[in-house]
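The data block below is coords-v7.tsv; it holds TSV, C-alpha atoms.
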chain	number	residue	atom	x	y	z
A	300	MET	CA	77.61	-3.24	30.54
A	301	ALA	CA	75.27	-6.22	30.22
A	302	GLN	CA	72.93	-6.58	27.29
A	303	LEU	CA	69.47	-5.18	28.22
A	304	PHE	CA	67.61	-7.00	25.42
A	305	ARG	CA	68.09	-10.53	24.31
A	306	PRO	CA	68.14	-11.19	20.55
A	307	SER	CA	64.61	-12.61	20.70
A	308	ALA	CA	63.28	-9.17	21.79
A	309	ASP	CA	63.66	-8.05	18.19
A	310	ARG	CA	61.22	-10.69	17.10
A	311	ARG	CA	58.73	-9.76	19.83
A	312	ILE	CA	58.77	-6.08	18.98
A	313	ARG	CA	58.21	-6.94	15.32
A	314	LEU	CA	55.32	-9.19	16.30
A	315	VAL	CA	53.73	-6.44	18.35
A	316	LEU	CA	54.34	-3.81	15.66
A	317	TRP	CA	52.67	-5.95	12.99
A	318	GLY	CA	50.16	-7.62	15.22
A	319	LEU	CA	48.72	-4.49	16.79
A	320	PRO	CA	47.42	-2.78	13.65
A	321	LEU	CA	46.45	-6.08	12.08
A	322	GLY	CA	44.52	-7.15	15.16
A	323	LEU	CA	42.88	-3.77	15.58
A	324	GLY	CA	42.00	-3.66	11.90
A	325	LEU	CA	40.47	-7.11	12.08
A	326	ALA	CA	38.49	-6.27	15.20
A	327	GLY	CA	37.32	-3.03	13.62
A	328	GLY	CA	36.33	-4.77	10.42
A	329	LEU	CA	34.46	-7.44	12.32
A	330	GLY	CA	32.69	-4.81	14.42
A	331	TYR	CA	31.73	-2.84	11.33
A	332	ALA	CA	30.46	-5.92	9.54
A	333	LEU	CA	28.44	-6.88	12.61
A	334	SER	CA	26.93	-3.39	12.92
A	335	ARG	CA	25.84	-3.53	9.25
A	336	ALA	CA	24.54	-7.09	9.34
A	337	GLY	CA	20.80	-7.71	9.20
A	338	TRP	CA	21.19	-9.50	12.51
A	339	THR	CA	21.81	-6.19	14.31
A	340	THR	CA	20.00	-3.70	12.05
A	341	GLY	CA	16.85	-5.77	11.67
A	342	VAL	CA	16.87	-5.53	7.85
A	343	GLY	CA	14.89	-8.42	6.42
A	344	ARG	CA	13.42	-9.43	9.75
A	345	SER	CA	9.69	-9.44	10.39
A	346	PRO	CA	8.40	-9.78	13.95
A	347	ALA	CA	5.65	-12.31	14.68
A	348	GLN	CA	2.27	-10.53	14.41
A	349	PRO	CA	-0.98	-11.39	16.18
A	350	VAL	CA	-2.62	-11.81	12.74
A	351	PRO	CA	-0.65	-13.05	9.72
A	352	PHE	CA	-1.58	-9.98	7.66
A	353	SER	CA	-0.19	-10.03	4.12
A	354	HIS	CA	0.56	-6.89	2.09
A	355	ASP	CA	1.20	-9.24	-0.80
A	356	HIS	CA	-2.47	-10.31	-0.85
A	357	HIS	CA	-4.10	-7.02	0.12
A	358	VAL	CA	-1.93	-4.58	-1.86
A	359	GLY	CA	-0.47	-6.74	-4.62
A	360	GLY	CA	-3.57	-8.92	-5.05
A	361	LEU	CA	-6.52	-6.70	-4.17
A	362	GLY	CA	-4.86	-3.48	-5.28
A	363	LEU	CA	-5.74	-1.60	-2.08
A	364	ASP	CA	-4.19	1.85	-1.78
A	365	CYS	CA	-1.85	2.40	1.20
A	366	ARG	CA	-4.16	5.15	2.40
A	367	TYR	CA	-7.09	2.78	2.86
A	368	CYS	CA	-5.27	1.56	5.98
A	369	HIS	CA	-2.45	4.04	6.68
A	370	GLU	CA	-4.78	7.01	6.76
A	371	SER	CA	-2.62	9.75	8.21
A	372	VAL	CA	0.48	9.14	6.11
A	373	GLU	CA	-0.11	12.22	3.91
A	374	ILE	CA	-0.96	14.64	6.65
A	375	ALA	CA	1.05	13.61	9.71
A	376	ALA	CA	4.40	12.42	10.98
A	377	PHE	CA	2.92	9.05	11.91
A	378	ALA	CA	1.68	6.90	9.03
A	379	GLY	CA	-1.08	5.35	11.13
A	380	LEU	CA	-1.96	1.71	11.58
A	381	PRO	CA	-5.43	0.47	10.67
A	382	ALA	CA	-8.12	0.26	13.33
A	383	THR	CA	-9.76	-3.14	13.71
A	384	GLU	CA	-12.85	-1.60	12.13
A	385	THR	CA	-10.89	-1.13	8.89
A	386	CYS	CA	-10.29	-4.88	8.66
A	387	MET	CA	-13.94	-5.54	9.51
A	388	HIS	CA	-15.04	-3.42	6.52
A	389	CYS	CA	-14.36	-6.53	4.48
A	390	HIS	CA	-13.89	-9.34	6.96
A	391	ALA	CA	-17.31	-8.91	8.55
A	392	HIS	CA	-18.58	-10.60	5.36
A	393	LEU	CA	-15.47	-12.08	3.76
A	394	PHE	CA	-13.91	-15.12	5.47
A	395	ALA	CA	-16.01	-14.11	8.46
A	396	ASP	CA	-15.33	-17.41	10.21
A	397	ALA	CA	-11.74	-18.08	9.14
A	398	PRO	CA	-9.58	-19.23	12.09
A	399	LEU	CA	-6.74	-17.03	10.76
A	400	LEU	CA	-8.85	-13.98	11.56
A	401	ALA	CA	-9.82	-15.02	15.10
A	402	ALA	CA	-7.62	-12.30	16.67
A	403	VAL	CA	-9.32	-9.65	14.52
A	404	ARG	CA	-12.79	-10.76	15.62
A	405	ASP	CA	-11.73	-10.94	19.29
A	406	SER	CA	-10.37	-7.42	19.08
A	407	TRP	CA	-13.61	-6.25	17.43
A	408	SER	CA	-15.96	-7.79	19.99
A	409	GLY	CA	-13.71	-6.95	22.96
A	410	GLU	CA	-13.05	-3.36	21.85
A	411	ARG	CA	-9.31	-3.83	22.32
A	412	PRO	CA	-6.90	-2.80	19.59
A	413	ILE	CA	-4.88	-5.43	17.79
A	414	ARG	CA	-1.35	-5.13	19.11
A	415	TRP	CA	0.70	-4.92	15.91
A	416	ARG	CA	4.40	-5.32	16.65
A	417	ARG	CA	6.50	-2.48	15.25
A	418	VAL	CA	8.58	-3.44	12.23
A	419	HIS	CA	10.39	-0.11	11.95
A	420	ASP	CA	11.27	1.80	15.09
A	421	LEU	CA	13.58	4.79	15.16
A	422	PRO	CA	15.16	5.78	18.48
A	423	ASP	CA	13.13	8.43	20.32
A	424	PHE	CA	15.84	11.04	19.80
A	425	VAL	CA	15.23	11.09	16.05
A	426	PHE	CA	12.44	13.11	14.49
A	427	PHE	CA	10.86	11.65	11.37
A	428	ASP	CA	7.83	12.87	9.45
A	429	HIS	CA	6.05	10.99	6.67
A	430	SER	CA	4.05	13.89	5.21
A	431	ILE	CA	7.16	16.01	4.52
A	432	HIS	CA	8.70	13.18	2.52
A	433	LEU	CA	5.57	12.40	0.53
A	434	HIS	CA	5.02	16.03	-0.42
A	435	ALA	CA	8.63	16.28	-1.56
A	436	GLY	CA	8.07	13.22	-3.79
A	437	VAL	CA	9.79	10.34	-1.97
A	438	GLY	CA	7.80	7.17	-2.72
A	439	CYS	CA	6.88	4.59	-0.08
A	440	GLU	CA	8.80	2.13	-2.21
A	441	THR	CA	12.02	4.16	-1.92
A	442	CYS	CA	12.16	3.58	1.82
A	443	HIS	CA	10.02	0.47	2.36
A	444	GLY	CA	10.71	-1.50	-0.83
A	445	ARG	CA	8.22	-3.59	-2.80
A	446	VAL	CA	5.69	-3.86	0.01
A	447	ASP	CA	3.18	-5.29	-2.48
A	448	ARG	CA	5.32	-8.41	-2.78
A	449	MET	CA	5.87	-8.96	0.94
A	450	PRO	CA	3.72	-11.64	2.58
A	451	ARG	CA	5.25	-10.47	5.89
A	452	ILE	CA	6.52	-6.92	5.95
A	453	HIS	CA	10.19	-6.41	6.74
A	454	PRO	CA	12.56	-3.42	6.64
A	455	VAL	CA	14.68	-3.07	3.51
A	456	ALA	CA	16.83	-0.23	4.92
A	457	ASP	CA	18.76	-0.16	8.19
A	458	LEU	CA	17.32	3.25	9.20
A	459	SER	CA	20.80	4.35	10.22
A	460	MET	CA	21.82	7.99	10.24
A	461	LEU	CA	24.04	7.23	7.26
A	462	TRP	CA	21.02	6.02	5.31
A	463	CYS	CA	19.04	9.20	5.98
A	464	ILE	CA	22.01	11.47	5.25
A	465	ASP	CA	22.97	9.66	2.05
A	466	CYS	CA	19.68	10.76	0.58
A	467	HIS	CA	19.49	14.13	2.32
A	468	ARG	CA	22.78	15.30	0.82
A	469	ASP	CA	21.23	15.20	-2.64
A	470	PRO	CA	17.63	13.99	-2.69
A	471	ALA	CA	16.84	14.89	-6.32
A	472	PRO	CA	17.70	11.50	-7.92
A	473	HIS	CA	15.43	9.74	-5.39
A	474	LEU	CA	12.34	11.81	-6.11
A	475	ARG	CA	9.30	11.17	-8.29
A	476	PRO	CA	6.25	13.27	-9.10
A	477	PRO	CA	4.28	13.58	-5.82
A	478	ALA	CA	1.22	12.04	-7.51
A	479	ASP	CA	3.13	8.76	-7.93
A	480	VAL	CA	4.49	8.28	-4.41
A	481	PHE	CA	2.01	5.49	-3.63
A	482	VAL	CA	2.72	3.56	-6.81
A	483	MET	CA	4.73	0.36	-6.45
A	484	GLY	CA	7.22	-0.40	-9.21
A	485	TRP	CA	7.25	3.17	-10.53
A	486	ARG	CA	9.84	3.84	-13.25
A	487	PRO	CA	10.41	7.20	-14.90
A	488	ASP	CA	8.92	7.28	-18.38
A	489	PRO	CA	12.05	7.10	-20.60
A	490	ALA	CA	10.36	9.16	-23.29
A	491	ASP	CA	9.28	11.88	-20.88
A	492	PRO	CA	11.45	11.86	-17.73
A	493	PRO	CA	10.24	14.19	-14.96
A	494	ALA	CA	12.13	17.46	-14.79
A	495	PRO	CA	14.85	17.15	-12.13
A	496	GLY	CA	13.58	19.38	-9.37
A	497	HIS	CA	15.87	21.13	-6.97
A	498	VAL	CA	15.60	20.19	-3.32
A	499	GLU	CA	17.68	21.70	-0.55
A	500	ALA	CA	20.10	19.41	1.24
A	501	HIS	CA	18.93	18.83	4.83
A	502	VAL	CA	21.94	17.82	6.88
A	503	SER	CA	22.03	20.06	9.93
A	504	CYS	CA	21.79	18.04	13.12
A	505	SER	CA	18.80	19.90	14.53
A	506	GLU	CA	16.52	18.91	11.66
A	507	CYS	CA	16.44	15.31	12.81
A	508	HIS	CA	17.53	15.70	16.43
A	509	ARG	CA	15.23	18.39	17.72
B	62	MET	CA	43.72	-1.89	40.78
B	63	SER	CA	43.61	-1.01	37.10
B	64	ARG	CA	42.27	-4.46	36.35
B	65	ALA	CA	39.45	-3.94	38.82
B	66	SER	CA	38.46	-0.60	37.34
B	67	ALA	CA	38.55	-2.07	33.85
B	68	ALA	CA	36.21	-4.82	34.98
B	69	LEU	CA	33.96	-2.22	36.58
B	70	LEU	CA	33.91	-0.20	33.37
B	71	LEU	CA	33.01	-3.28	31.40
B	72	LEU	CA	30.17	-4.06	33.81
B	73	ALA	CA	28.96	-0.47	33.57
B	74	ALA	CA	28.99	-0.70	29.79
B	75	LEU	CA	26.94	-3.89	29.93
B	76	GLY	CA	24.46	-2.19	32.20
B	77	CYS	CA	24.10	0.65	29.70
B	78	ARG	CA	20.46	1.63	29.61
B	79	GLN	CA	19.09	2.97	26.38
B	80	GLN	CA	17.26	5.82	28.01
B	81	MET	CA	17.70	8.17	25.08
B	82	ARG	CA	16.36	5.55	22.68
B	83	GLU	CA	13.27	4.82	24.76
B	84	GLN	CA	12.40	8.11	26.39
B	85	ALA	CA	9.75	8.51	29.05
B	86	ARG	CA	7.06	9.65	26.64
B	87	LEU	CA	4.45	7.87	24.60
B	88	ASP	CA	4.90	7.54	20.86
B	89	PRO	CA	1.84	7.15	18.69
B	90	TYR	CA	0.36	3.68	19.09
B	91	GLU	CA	2.68	2.77	21.98
B	92	GLU	CA	1.27	0.55	24.73
B	93	ALA	CA	0.19	2.60	27.75
B	94	PRO	CA	-0.30	0.42	30.85
B	95	PHE	CA	-1.32	3.56	32.76
B	96	PHE	CA	-4.75	3.44	31.13
B	97	ALA	CA	-7.22	0.63	31.64
B	98	ASP	CA	-7.54	-0.06	27.91
B	99	ASP	CA	-3.76	0.02	27.35
B	100	MET	CA	-4.07	2.51	24.51
B	101	GLU	CA	-1.92	5.58	24.07
B	102	ALA	CA	-4.58	7.23	21.88
B	103	ARG	CA	-7.34	8.51	24.14
B	104	ARG	CA	-10.95	8.60	23.05
B	105	LEU	CA	-13.27	11.44	23.93
B	106	PRO	CA	-15.49	10.51	26.87
B	107	ASP	CA	-19.08	9.85	25.78
B	108	GLY	CA	-21.11	12.95	25.14
B	109	VAL	CA	-18.18	15.38	25.09
B	110	VAL	CA	-18.06	17.95	22.28
B	111	PRO	CA	-14.73	19.74	21.76
B	112	ARG	CA	-15.06	23.52	21.86
B	113	GLY	CA	-15.88	24.93	18.43
B	114	GLN	CA	-16.57	21.50	16.95
B	115	ALA	CA	-20.28	21.16	17.59
B	116	ARG	CA	-21.90	19.62	14.52
B	117	LEU	CA	-24.70	22.13	14.31
B	118	ASP	CA	-24.89	22.38	10.52
B	119	ARG	CA	-27.34	19.59	9.70
B	120	HIS	CA	-26.92	20.08	5.98
B	121	LEU	CA	-23.16	19.52	6.17
B	122	TRP	CA	-23.05	16.83	8.86
B	123	GLN	CA	-26.21	14.83	8.21
B	124	GLY	CA	-27.18	15.63	4.65
B	125	ARG	CA	-30.60	16.63	5.89
B	126	ALA	CA	-32.57	19.85	5.67
B	127	ALA	CA	-34.12	21.61	8.66
B	128	ASP	CA	-37.38	19.70	8.14
B	129	GLY	CA	-35.49	16.37	8.22
B	130	SER	CA	-35.73	15.56	4.50
B	131	LEU	CA	-32.66	14.48	2.50
B	132	VAL	CA	-30.97	17.44	0.83
B	133	THR	CA	-30.81	17.73	-2.95
B	134	VAL	CA	-27.98	20.28	-3.11
B	135	TYR	CA	-24.41	20.32	-1.81
B	136	PRO	CA	-23.57	22.19	1.41
B	137	PHE	CA	-20.75	24.02	-0.44
B	138	ALA	CA	-20.04	24.84	-4.08
B	139	ILE	CA	-18.25	21.96	-5.84
B	140	THR	CA	-15.29	23.17	-7.89
B	141	ARG	CA	-13.03	21.31	-10.29
B	142	ALA	CA	-10.49	20.87	-7.46
B	143	ASP	CA	-13.20	19.24	-5.34
B	144	LEU	CA	-13.94	16.79	-8.17
B	145	VAL	CA	-10.27	15.88	-8.52
B	146	ARG	CA	-10.06	15.26	-4.80
B	147	GLY	CA	-13.33	13.32	-4.89
B	148	GLU	CA	-12.04	11.08	-7.67
B	149	GLN	CA	-8.89	10.35	-5.68
B	150	ARG	CA	-10.74	9.58	-2.43
B	151	TYR	CA	-13.25	7.44	-4.32
B	152	ALA	CA	-10.36	5.46	-5.82
B	153	ILE	CA	-8.87	4.84	-2.37
B	154	HIS	CA	-11.97	3.99	-0.37
B	155	CYS	CA	-14.69	2.85	-2.74
B	156	THR	CA	-13.08	1.04	-5.73
B	157	PRO	CA	-12.24	-2.11	-3.72
B	158	CYS	CA	-15.98	-2.94	-3.82
B	159	HIS	CA	-17.66	-0.62	-6.32
B	160	GLY	CA	-14.96	-0.67	-9.00
B	161	ARG	CA	-13.55	2.25	-10.98
B	162	LEU	CA	-16.80	2.96	-12.82
B	163	GLY	CA	-19.15	2.14	-9.98
B	164	GLU	CA	-20.49	-1.00	-11.62
B	165	GLY	CA	-20.19	-2.94	-8.39
B	166	ASP	CA	-17.42	-5.26	-9.58
B	167	GLY	CA	-14.44	-4.26	-7.38
B	168	LEU	CA	-11.72	-6.78	-6.59
B	169	ALA	CA	-13.12	-7.57	-3.12
B	170	VAL	CA	-16.44	-8.40	-4.78
B	171	ARG	CA	-14.67	-10.70	-7.22
B	172	ARG	CA	-13.20	-12.46	-4.17
B	173	GLY	CA	-16.67	-13.04	-2.73
B	174	TYR	CA	-17.85	-9.83	-1.04
B	175	PRO	CA	-21.64	-9.31	-1.50
B	176	ALA	CA	-22.03	-7.30	-4.72
B	177	PRO	CA	-23.43	-3.74	-4.52
B	178	ILE	CA	-25.81	-2.44	-7.16
B	179	ALA	CA	-24.41	-0.28	-9.97
B	180	PHE	CA	-24.54	3.49	-9.38
B	181	THR	CA	-26.30	3.80	-12.73
B	182	ALA	CA	-29.41	2.02	-11.42
B	183	ALA	CA	-32.43	4.27	-11.86
B	184	ARG	CA	-33.17	4.39	-8.12
B	185	LEU	CA	-29.69	5.74	-7.40
B	186	ARG	CA	-29.66	8.16	-10.33
B	187	ASP	CA	-32.83	9.71	-8.97
B	188	ALA	CA	-31.71	9.66	-5.34
B	189	PRO	CA	-31.01	13.03	-3.69
B	190	VAL	CA	-27.33	13.72	-2.92
B	191	GLY	CA	-28.23	13.53	0.77
B	192	HIS	CA	-28.96	9.82	0.32
B	193	ILE	CA	-25.53	9.00	-1.10
B	194	PHE	CA	-23.95	11.08	1.66
B	195	GLU	CA	-25.92	9.18	4.27
B	196	VAL	CA	-24.90	5.79	2.85
B	197	ILE	CA	-21.23	6.82	3.07
B	198	SER	CA	-21.62	8.13	6.62
B	199	GLN	CA	-23.82	5.41	8.07
B	200	GLY	CA	-23.36	2.43	5.80
B	201	ARG	CA	-26.28	0.33	4.62
B	202	ALA	CA	-26.89	-3.43	4.94
B	203	THR	CA	-23.58	-5.04	3.87
B	204	MET	CA	-21.96	-1.68	3.06
B	205	PRO	CA	-19.64	-0.53	5.92
B	206	ASP	CA	-19.79	3.07	7.11
B	207	TYR	CA	-17.04	5.54	6.25
B	208	ASP	CA	-17.71	8.14	8.91
B	209	HIS	CA	-14.00	8.39	9.66
B	210	LEU	CA	-13.51	10.24	6.36
B	211	GLU	CA	-13.17	14.00	6.57
B	212	ILE	CA	-16.60	15.58	6.20
B	213	HIS	CA	-15.84	17.67	3.09
B	214	ASP	CA	-14.14	14.68	1.49
B	215	ARG	CA	-17.37	12.71	1.92
B	216	TRP	CA	-19.29	15.33	-0.08
B	217	ARG	CA	-16.54	15.40	-2.72
B	218	ILE	CA	-16.93	11.62	-3.07
B	219	VAL	CA	-20.69	12.12	-3.50
B	220	ALA	CA	-19.88	14.54	-6.31
B	221	TRP	CA	-17.64	11.95	-7.97
B	222	VAL	CA	-20.36	9.31	-7.70
B	223	GLN	CA	-22.63	11.73	-9.55
B	224	VAL	CA	-19.92	12.21	-12.18
B	225	LEU	CA	-19.82	8.44	-12.68
B	226	GLN	CA	-23.61	8.32	-12.96
B	227	LEU	CA	-23.80	11.17	-15.44
B	228	SER	CA	-20.85	10.03	-17.55
B	229	GLN	CA	-22.47	6.64	-18.13
B	230	HIS	CA	-26.02	7.85	-18.47
B	231	ALA	CA	-26.06	11.23	-20.14
B	232	PRO	CA	-28.81	12.04	-22.65
B	233	ALA	CA	-27.18	12.88	-26.01
B	234	ALA	CA	-28.82	16.31	-25.87
B	235	VAL	CA	-26.52	17.52	-23.06
B	236	LEU	CA	-23.37	16.70	-25.06
B	237	GLY	CA	-21.40	19.41	-26.83
B	238	ALA	CA	-21.28	19.44	-30.62
B	239	ASP	CA	-17.81	17.84	-30.70
B	240	ASP	CA	-18.76	15.01	-28.40
B	241	ARG	CA	-21.92	14.35	-30.39
B	242	THR	CA	-19.92	14.03	-33.61
B	243	HIS	CA	-17.55	11.59	-31.88
B	244	LEU	CA	-20.52	9.62	-30.66
B	245	VAL	CA	-22.09	9.39	-34.09
B	246	GLU	CA	-18.75	8.30	-35.59
B	247	ALA	CA	-18.35	5.61	-32.92
B	248	LEU	CA	-21.83	4.17	-33.48
B	249	PRO	CA	-21.80	0.97	-35.55
Using structure tokens, write down the structure from this file.
Amino acid sequence: MAQLFRPSADRRIRLVLWGLPLGLGLAGGLGYALSRAGWTTGVGRSPAQPVPFSHDHHVGGLGLDCRYCHESVEIAAFAGLPATETCMHCHAHLFADAPLLAAVRDSWSGERPIRWRRVHDLPDFVFFDHSIHLHAGVGCETCHGRVDRMPRIHPVADLSMLWCIDCHRDPAPHLRPPADVFVMGWRPDPADPPAPGHVEAHVSCSECHR
Amino acid sequence: MSRASAALLLLAALGCRQQMREQARLDPYEEAPFFADDMEARRLPDGVVPRGQARLDRHLWQGRAADGSLVTVYPFAITRADLVRGEQRYAIHCTPCHGRLGEGDGLAVRRGYPAPIAFTAARLRDAPVGHIFEVISQGRATMPDYDHLEIHDRWRIVAWVQVLQLSQHAPAAVLGADDRTHLVEALP
């Protein structure tokens, strides 16, 4: 009977046996790295806005409270974006003619809202609620980072399901006293650390996908 | 054959539409081309009053009595909790211009906003509470109006303004014995 396989077949099979897992592993690793990279998740990216509004100047510099502009953050799912009128509180008399603020004045006189581009945007099949998190003691900083140092606001978390769940499994270490949720740069007082509260884990699918 | 179906599958995957991500509903603040003004949030048509929300109580809503004069008392009893809330709301909405103590030296003023007068000015100390309420609700000269604040919160802020006035302008006679001793000790 003739030989079915030539000697070189050995080499080929070995190549395939080694190559397949290696190649798959590489492709998988590359895919994973890509899915985590800021380029796909949007971390660190700020969209161009109609007005170059700076949290660095208004929050860090002027010390404005988040709630001056994001009025519904304590009571609703949606944090709220400021109406043009809110900007005009100050800019009707402060830098009233600055070219940088032209879009604000146009919006004010034309009664059209300023079209802020969304920086964070969860898919529509995810339910998120700000007020629940604030009342439980999760600070703005925990999810949005040092907003008071951001000239242009950008996401610091990828808003992936993993990110939510990582905290939801055991939220306690991420919590602060609810009175301090708006404070930037909050650190627990080493002499008098807040009592570790107990918070239920929230990991059932229907809590976020309802 | 199998190559063709693979190619088809690939094409189908490319044509994947993210319909679950962007569902056919409006999120808050989303653009709504359906409406002439493009806004998802709808405003009440002019002159419409939602059922049960008529602002009939002049004292509460306008700070004025039936005869049209500014009221001198609050429309509801102010408790300690109301003061705490008033302090917090004052800090959020008023400190940028009026400053923590109401001296009129907030950070926006230091950056060039027209300076308000101090709350401790005699005219304001003598003003009826209805006046302070009206200034918050309607604004005055270079002071913007804050009529978007919840109505009870506006009265709680008025109460906190009065706390600031009293705490910086109390006659020694109204102090308790302890406080008076402290005061005497602190005097040079």
Once 5 Å is added on each side, what centre and edge lengths in Å to one decimal does the axis-aligned box around all listed atoms of range 209-219 of chain B have, as lines of an AutoDock Vina configuration file?
center_x = -16.9
center_y = 13.0
center_z = 3.1
size_x = 17.5
size_y = 19.3
size_z = 23.2
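Distance annotation: of B:Arg119, B:Arg186, B:Phe194, B:Arg112, the residue with the minimal separation from Asp208 in chain B is B:Phe194; atom set is only C-alpha atoms.
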Please build the interface table for chain A against chain B with a cut-off of 6 Å, listing for each qualifying residue the nearest atom pair and the distance in Å to one decimal; count all atoms listed in the file, order rows by chain and increasing number, and write it as CSV.
residue,atom,partner,partner_atom,distance
A:Leu361,CA,B:Leu168,CA,5.7
A:Asp364,CA,B:Ile153,CA,5.6
A:Tyr367,CA,B:Ile153,CA,5.9
A:His388,CA,B:Pro205,CA,5.5
A:Leu393,CA,B:Tyr174,CA,5.8
A:Pro422,CA,B:Arg82,CA,4.4
A:Asp423,CA,B:Arg82,CA,4.9
Just write the chosen residues, C-alpha atoms, as a PDB file, in the frame of the given file.
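See part20.pdb below for the written result:
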ATOM      1  CA  LEU A 361      -6.520  -6.700  -4.170  1.00  0.00           C
ATOM      2  CA  ASP A 364      -4.190   1.850  -1.780  1.00  0.00           C
ATOM      3  CA  TYR A 367      -7.090   2.780   2.860  1.00  0.00           C
ATOM      4  CA  HIS A 388     -15.040  -3.420   6.520  1.00  0.00           C
ATOM      5  CA  LEU A 393     -15.470 -12.080   3.760  1.00  0.00           C
ATOM      6  CA  PRO A 422      15.160   5.780  18.480  1.00  0.00           C
ATOM      7  CA  ASP A 423      13.130   8.430  20.320  1.00  0.00           C
TER       8      ASP A 423
END
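Reported to one decimal place, the separation of CA of Arg310 in chain A from CA of Arg64 in chain B is 27.7 Å.
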Straight-line distance linking CA of Leu458 in chain A with CA of Gly444 in chain A, stated in Å to one decimal: 12.9 Å
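Here the question is which of A:Arg414, A:Arg475, A:Arg468, A:Arg451 gets nearest to Leu433 in chain A using all atoms listed in the file, and that residue is A:Arg475.
Taking CA of Glu440 in chain A and CA of Val455 in chain A as the two end points, the separation is 9.7 Å.
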Find the residues near range 223-225 of chain B: any atom within 9 Å, counting all atoms listed in the file, skip ones fewer than 4 places away on the same chain, and give them as number ranges by chain. B: 144, 161-163, 180-181, 186, 190, 218-219, 229-230
Polymer residues at most 9 Å from Ser130 in chain B, only C-alpha atoms, same-chain spacing of 5 or more positions, as an MDAnalysis selection string: chainID B and resid 124:125 191
So that I can check the surroundings of Pro381 in chain A, please list as a list of chain:residue names every protein, DNA and RNA residue that reaches within 12 Å of it, counting only C-alpha atoms and ignoring chain neighbours fewer than 2 positions away.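 Counting only the stated atoms, we get A:Phe352, A:Cys365, A:Arg366, A:Tyr367, A:Cys368, A:His369, A:Glu370, A:Ser371, A:Val372, A:Ala378, A:Gly379, A:Thr383, A:Glu384, A:Thr385, A:Cys386, A:Met387, A:His388, A:Val403, A:Pro412, A:Ile413, A:Arg414, A:Trp415, B:Tyr90, B:His209.
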With the input short on atoms, add N, CA, C and O atoms back to range 124-134 of chain B and write it as a compact mmCIF listing (two decimals), keeping the file's coordinate frame.
# COMPACT_ATOMS: atom_id res chain seq x y z
N GLY B 124 -26.58 15.69 5.98
CA GLY B 124 -27.18 15.63 4.65
C GLY B 124 -28.69 15.78 4.71
O GLY B 124 -29.40 15.29 3.83
N ARG B 125 -29.16 16.45 5.76
CA ARG B 125 -30.60 16.63 5.89
C ARG B 125 -30.95 18.10 6.07
O ARG B 125 -30.18 18.86 6.67
N ALA B 126 -32.11 18.47 5.55
CA ALA B 126 -32.57 19.85 5.67
C ALA B 126 -33.20 20.05 7.05
O ALA B 126 -33.35 19.09 7.81
N ALA B 127 -33.57 21.29 7.35
CA ALA B 127 -34.12 21.61 8.66
C ALA B 127 -35.37 20.77 8.95
O ALA B 127 -35.61 20.38 10.10
N ASP B 128 -36.16 20.46 7.90
CA ASP B 128 -37.38 19.70 8.14
C ASP B 128 -37.12 18.19 8.17
O ASP B 128 -38.04 17.39 8.23
N GLY B 129 -35.82 17.79 8.10
CA GLY B 129 -35.49 16.37 8.22
C GLY B 129 -35.45 15.62 6.91
O GLY B 129 -35.10 14.43 6.89
N SER B 130 -35.77 16.27 5.79
CA SER B 130 -35.73 15.56 4.50
C SER B 130 -34.31 15.56 3.94
O SER B 130 -33.50 16.43 4.28
N LEU B 131 -34.00 14.57 3.09
CA LEU B 131 -32.66 14.48 2.50
C LEU B 131 -32.43 15.67 1.57
O LEU B 131 -33.31 16.02 0.78
N VAL B 132 -31.23 16.25 1.64
CA VAL B 132 -30.97 17.44 0.83
C VAL B 132 -30.74 17.05 -0.63
O VAL B 132 -30.29 15.93 -0.93
N THR B 133 -31.01 17.98 -1.53
CA THR B 133 -30.81 17.73 -2.95
C THR B 133 -29.67 18.59 -3.51
O THR B 133 -29.34 18.50 -4.67
N VAL B 134 -29.11 19.46 -2.67
CA VAL B 134 -27.98 20.28 -3.11
C VAL B 134 -26.81 20.10 -2.14
O VAL B 134 -26.98 19.64 -1.02
